[in-house]
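All remarks here apply to the structure that follows.
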Amino acid sequence: MQKPTTKRWEYEVFTRAQRGDNLTQIGTVEAESDELAKVYATRIYDEVNWVEMYVVKRKDMVCVRLPKTQQTAEEVTVNV
Amino acid sequence: MSNLTGGMKEFIHLLETMADNKMVLGDRLVEVGVSGPNLEATISSVALAQAELGHARLLYNWAFDIKNSGGEKPDIKEQTGKAFQCGVKIDNWITLIAGMDVISHAIDVVLEAISSSGRQELASKLSKMVREEEEHIMFADGWAHLLLRDRGKIPHLFKEAMESARKEAEGWLQEVESNQQLKQERFIPENVQLVGQFRERLRFLEEEGVQVNVG
């Protein structure tokens with residue numbers, strides 16, 4: 001089987017409905033580039049006329065804490 | 001229609017050409033885009049189709065208003081026959097992206113030229129469309145990169161589709177660029193370089209092996 005030539009990344013989508021509202025995670029999109037992620041997020045999550053929208057590559061999110069069941073072996077060792 | 005100046009008649013022709021291309025593109029984005037390569041691309045295609053059809057309606061109505069000095073707008077059911085063949089013949093994802101990329105860039109350079117003609121009433125009529133066009137171009141450029149880096153015959157087929165579409169669009173831009181009536185009545189700037197700007201827009205394709213500067 002041939003390997004795919006382009007990698008798809010998972011992006012978290014964050015929006016603010018009105019000025020002063022909290023920035024809220026509303027879903028995810030998968031895309032091959034930041035530009036396509038922006039288009040996909042705009043077109044898929046278009047139920048509200050958001051004042052702000054961001055896409056963040058999941059791999060670029062800095063983890064502060066995870067549920068114990070999702071911790072990696074390394075993290076568990078550190079915590080112990 | 002008899003009271004119209006030569007420049008106005010040319011401008012109506014220009015508006016209808018862009019409207020036809022957008023109408024055809026909107027139709028193809030639904031027909032072909034609905035079987036896109038992944039869910040995100042499919043949903044975006046159908047959503048972008050709505051935007052293209054909206055732009056087409058605005059341009060048709062504008063042309064109608066110039067021709068008839070207002071009045072009730074007709075219900076547009078089909079294009080006026082000025083759409084590019086690279087749009088009309090779109091029948092798969094490869095030709096869809098090639099057609100969309102070329103048509104969107106070509107129309108965008110013309111819209112920018114009209115907006116910078118110095119006639120404020122033209123610029124304000126187009127400002128929203130020009131802003132929305134950015135997203136269409138982002139989608140088409142993004143997919144152009146993907147298809148050029150794909151495997152098997154796909155990059156080759158895409159390059160062929162791009163070449164064919166590019167030639168057709170350049171021919172049209174050349175005609176618009178050299179239209180003296182449009183320039184004299186300040187629908188486009190005197191020193192406009194549409195073909196040059198269009199080629200510059202598609203320069204990124206050269207890195208992927210597509211020729212963009214041959215006549």
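Ordered as shown in the structure tokens, chains take letters A, B, and onward, while each chain numbers its residues from 1 and ligands are numbered from 1 in the order shown.
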Give one line per residue of chain B that approaches chain A to at most 9 Å, naming the two atoms of the closest pair and their distance in Å to one decimal, counting only C-alpha atoms; sort by chain then ascending residue number and deliver it as a Markdown table.
```
| residue | atom | partner | partner_atom | distance |
| --- | --- | --- | --- | --- |
| B:Glu40 | CA | A:Tyr40 | CA | 5.8 |
| B:Ala41 | CA | A:Tyr40 | CA | 7.1 |
| B:Ile43 | CA | A:Ile44 | CA | 6.6 |
| B:Ser44 | CA | A:Arg43 | CA | 5.4 |
| B:Ser45 | CA | A:Arg43 | CA | 8.8 |
| B:Ala47 | CA | A:Arg43 | CA | 6.2 |
| B:Leu48 | CA | A:Arg43 | CA | 7.8 |
| B:Glu135 | CA | A:Val39 | CA | 6.5 |
| B:His136 | CA | A:Val39 | CA | 8.3 |
| B:Met138 | CA | A:Glu35 | CA | 6.3 |
| B:Phe139 | CA | A:Leu36 | CA | 5.9 |
| B:Gly142 | CA | A:Leu36 | CA | 6.0 |
| B:Trp143 | CA | A:Leu36 | CA | 8.0 |
| B:Leu146 | CA | A:Thr6 | CA | 7.0 |
| B:Arg149 | CA | A:Thr5 | CA | 6.8 |
| B:Asp150 | CA | A:Thr5 | CA | 5.7 |
| B:Arg151 | CA | A:Thr5 | CA | 6.6 |
```
Problem set entry | Selection near stretch 186-199 of chain B, 12 Å with only C-alpha atoms, sequence-local residues under 5 positions removed, as an MDAnalysis selection string | chainID B and resid 6:12 14:15 101:123 163 166:181 204:206 210:215
For this session: Report the residues of chain A whose backbone DSSP state falls under helix (DSSP H, G or I), written as a PyMOL selection string.
Result: chain A and resi 34-44+58-60+68-70+73-79
Problem set entry | Computed interatomic separation between atom CA of B:Trp62 and atom CA of B:Arg201 (Å) |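 Answer for the atom CA of B:Trp62 to atom CA of B:Arg201 separation: 27.1 Å.
Relative to atom CA of B:Glu134, atom CA of B:Val46 is found at 16.7 Å.
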Exercise. Residues at most 7 Å from A:Val56, counting only C-alpha atoms, excluding those fewer than 2 positions away in the same chain, as number ranges by chain?
Worked result: A: 11-13, 54, 58
With C-alpha atoms retained, write the just-selected residues as a PDB file, in the first residue's frame.
```pdb
ATOM      1  CA  TYR A  11      -6.673  21.579  14.764  1.00  0.00           C
ATOM      2  CA  GLU A  12      -8.748  22.737  17.724  1.00  0.00           C
ATOM      3  CA  VAL A  13     -11.217  25.514  16.846  1.00  0.00           C
ATOM      4  CA  TYR A  54      -8.762  30.684  15.988  1.00  0.00           C
ATOM      5  CA  ARG A  58      -3.245  20.228  18.598  1.00  0.00           C
TER       6      ARG A  58
END
```
Problem set entry | Nearby residues (only C-alpha atoms) at most 6 Å from A:Phe14, same-chain spacing under 6 positions excluded, as a list in words |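 In the requested format, the answer is Thr24, Gln25, Ile26, Met53 and Tyr54 of chain A.
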Writer output for current selection, all heavy atoms, as a short mmCIF file (atom, residue, chain, number, x, y, z; two decimals), in the first residue's frame:
```
data_model
loop_
_atom_site.label_atom_id
_atom_site.label_comp_id
_atom_site.auth_asym_id
_atom_site.auth_seq_id
_atom_site.Cartn_x
_atom_site.Cartn_y
_atom_site.Cartn_z
N THR A 24 -14.03 30.07 23.51
CA THR A 24 -14.49 28.71 23.80
C THR A 24 -14.08 27.75 22.70
O THR A 24 -14.15 28.08 21.52
CB THR A 24 -16.05 28.71 23.88
OG1 THR A 24 -16.44 29.75 24.77
CG2 THR A 24 -16.58 27.39 24.37
N GLN A 25 -13.67 26.55 23.12
CA GLN A 25 -13.35 25.51 22.14
C GLN A 25 -14.66 24.94 21.64
O GLN A 25 -15.47 24.48 22.43
CB GLN A 25 -12.48 24.42 22.79
CG GLN A 25 -11.83 23.47 21.83
CD GLN A 25 -12.68 22.23 21.55
OE1 GLN A 25 -13.80 22.12 21.99
NE2 GLN A 25 -12.13 21.31 20.79
N ILE A 26 -14.90 25.00 20.31
CA ILE A 26 -16.20 24.55 19.79
C ILE A 26 -16.09 23.30 18.92
O ILE A 26 -17.09 22.73 18.53
CB ILE A 26 -16.89 25.66 18.96
CG1 ILE A 26 -15.98 26.14 17.82
CG2 ILE A 26 -17.33 26.81 19.83
CD1 ILE A 26 -16.73 26.85 16.72
N MET A 53 -12.22 33.95 15.78
CA MET A 53 -12.08 32.50 15.58
C MET A 53 -10.59 32.19 15.44
O MET A 53 -9.86 32.93 14.77
CB MET A 53 -12.83 32.05 14.32
CG MET A 53 -12.65 30.58 14.01
SD MET A 53 -13.53 30.06 12.50
CE MET A 53 -15.10 29.56 13.19
N TYR A 54 -10.16 31.12 16.08
CA TYR A 54 -8.76 30.68 15.99
C TYR A 54 -8.71 29.20 15.69
O TYR A 54 -9.57 28.44 16.15
CB TYR A 54 -8.02 30.91 17.32
CG TYR A 54 -8.00 32.35 17.77
CD1 TYR A 54 -9.03 32.86 18.56
CD2 TYR A 54 -6.96 33.19 17.42
CE1 TYR A 54 -9.03 34.18 18.97
CE2 TYR A 54 -6.94 34.52 17.83
CZ TYR A 54 -7.98 35.01 18.61
OH TYR A 54 -7.98 36.32 19.01
#
```
Test item: residues at most 10 Å from B:Ala83, only C-alpha atoms, excluding those fewer than 4 positions along its chain, as a PDB file with C-alpha atoms, in the first residue's frame:
```
ATOM      1  CA  GLU B  16     -21.283  39.455 -17.053  1.00  0.00           C
ATOM      2  CA  THR B  17     -18.091  37.542 -17.837  1.00  0.00           C
ATOM      3  CA  MET B  18     -17.148  37.495 -14.167  1.00  0.00           C
ATOM      4  CA  ALA B  19     -20.711  36.647 -13.138  1.00  0.00           C
ATOM      5  CA  ASP B  20     -20.876  33.765 -15.641  1.00  0.00           C
ATOM      6  CA  ASN B  21     -17.616  32.336 -14.357  1.00  0.00           C
ATOM      7  CA  LYS B  22     -18.755  32.592 -10.771  1.00  0.00           C
ATOM      8  CA  MET B  23     -22.111  31.031 -11.584  1.00  0.00           C
ATOM      9  CA  VAL B  24     -20.464  28.093 -13.345  1.00  0.00           C
ATOM     10  CA  LEU B  25     -17.919  27.723 -10.545  1.00  0.00           C
ATOM     11  CA  GLN B  79     -25.034  31.929 -17.695  1.00  0.00           C
ATOM     12  CA  GLY B  87     -14.918  26.202 -15.747  1.00  0.00           C
ATOM     13  CA  VAL B  88     -17.679  24.724 -17.863  1.00  0.00           C
ATOM     14  CA  ILE B 103     -10.646  31.743 -12.325  1.00  0.00           C
TER      15      ILE B 103
END
```
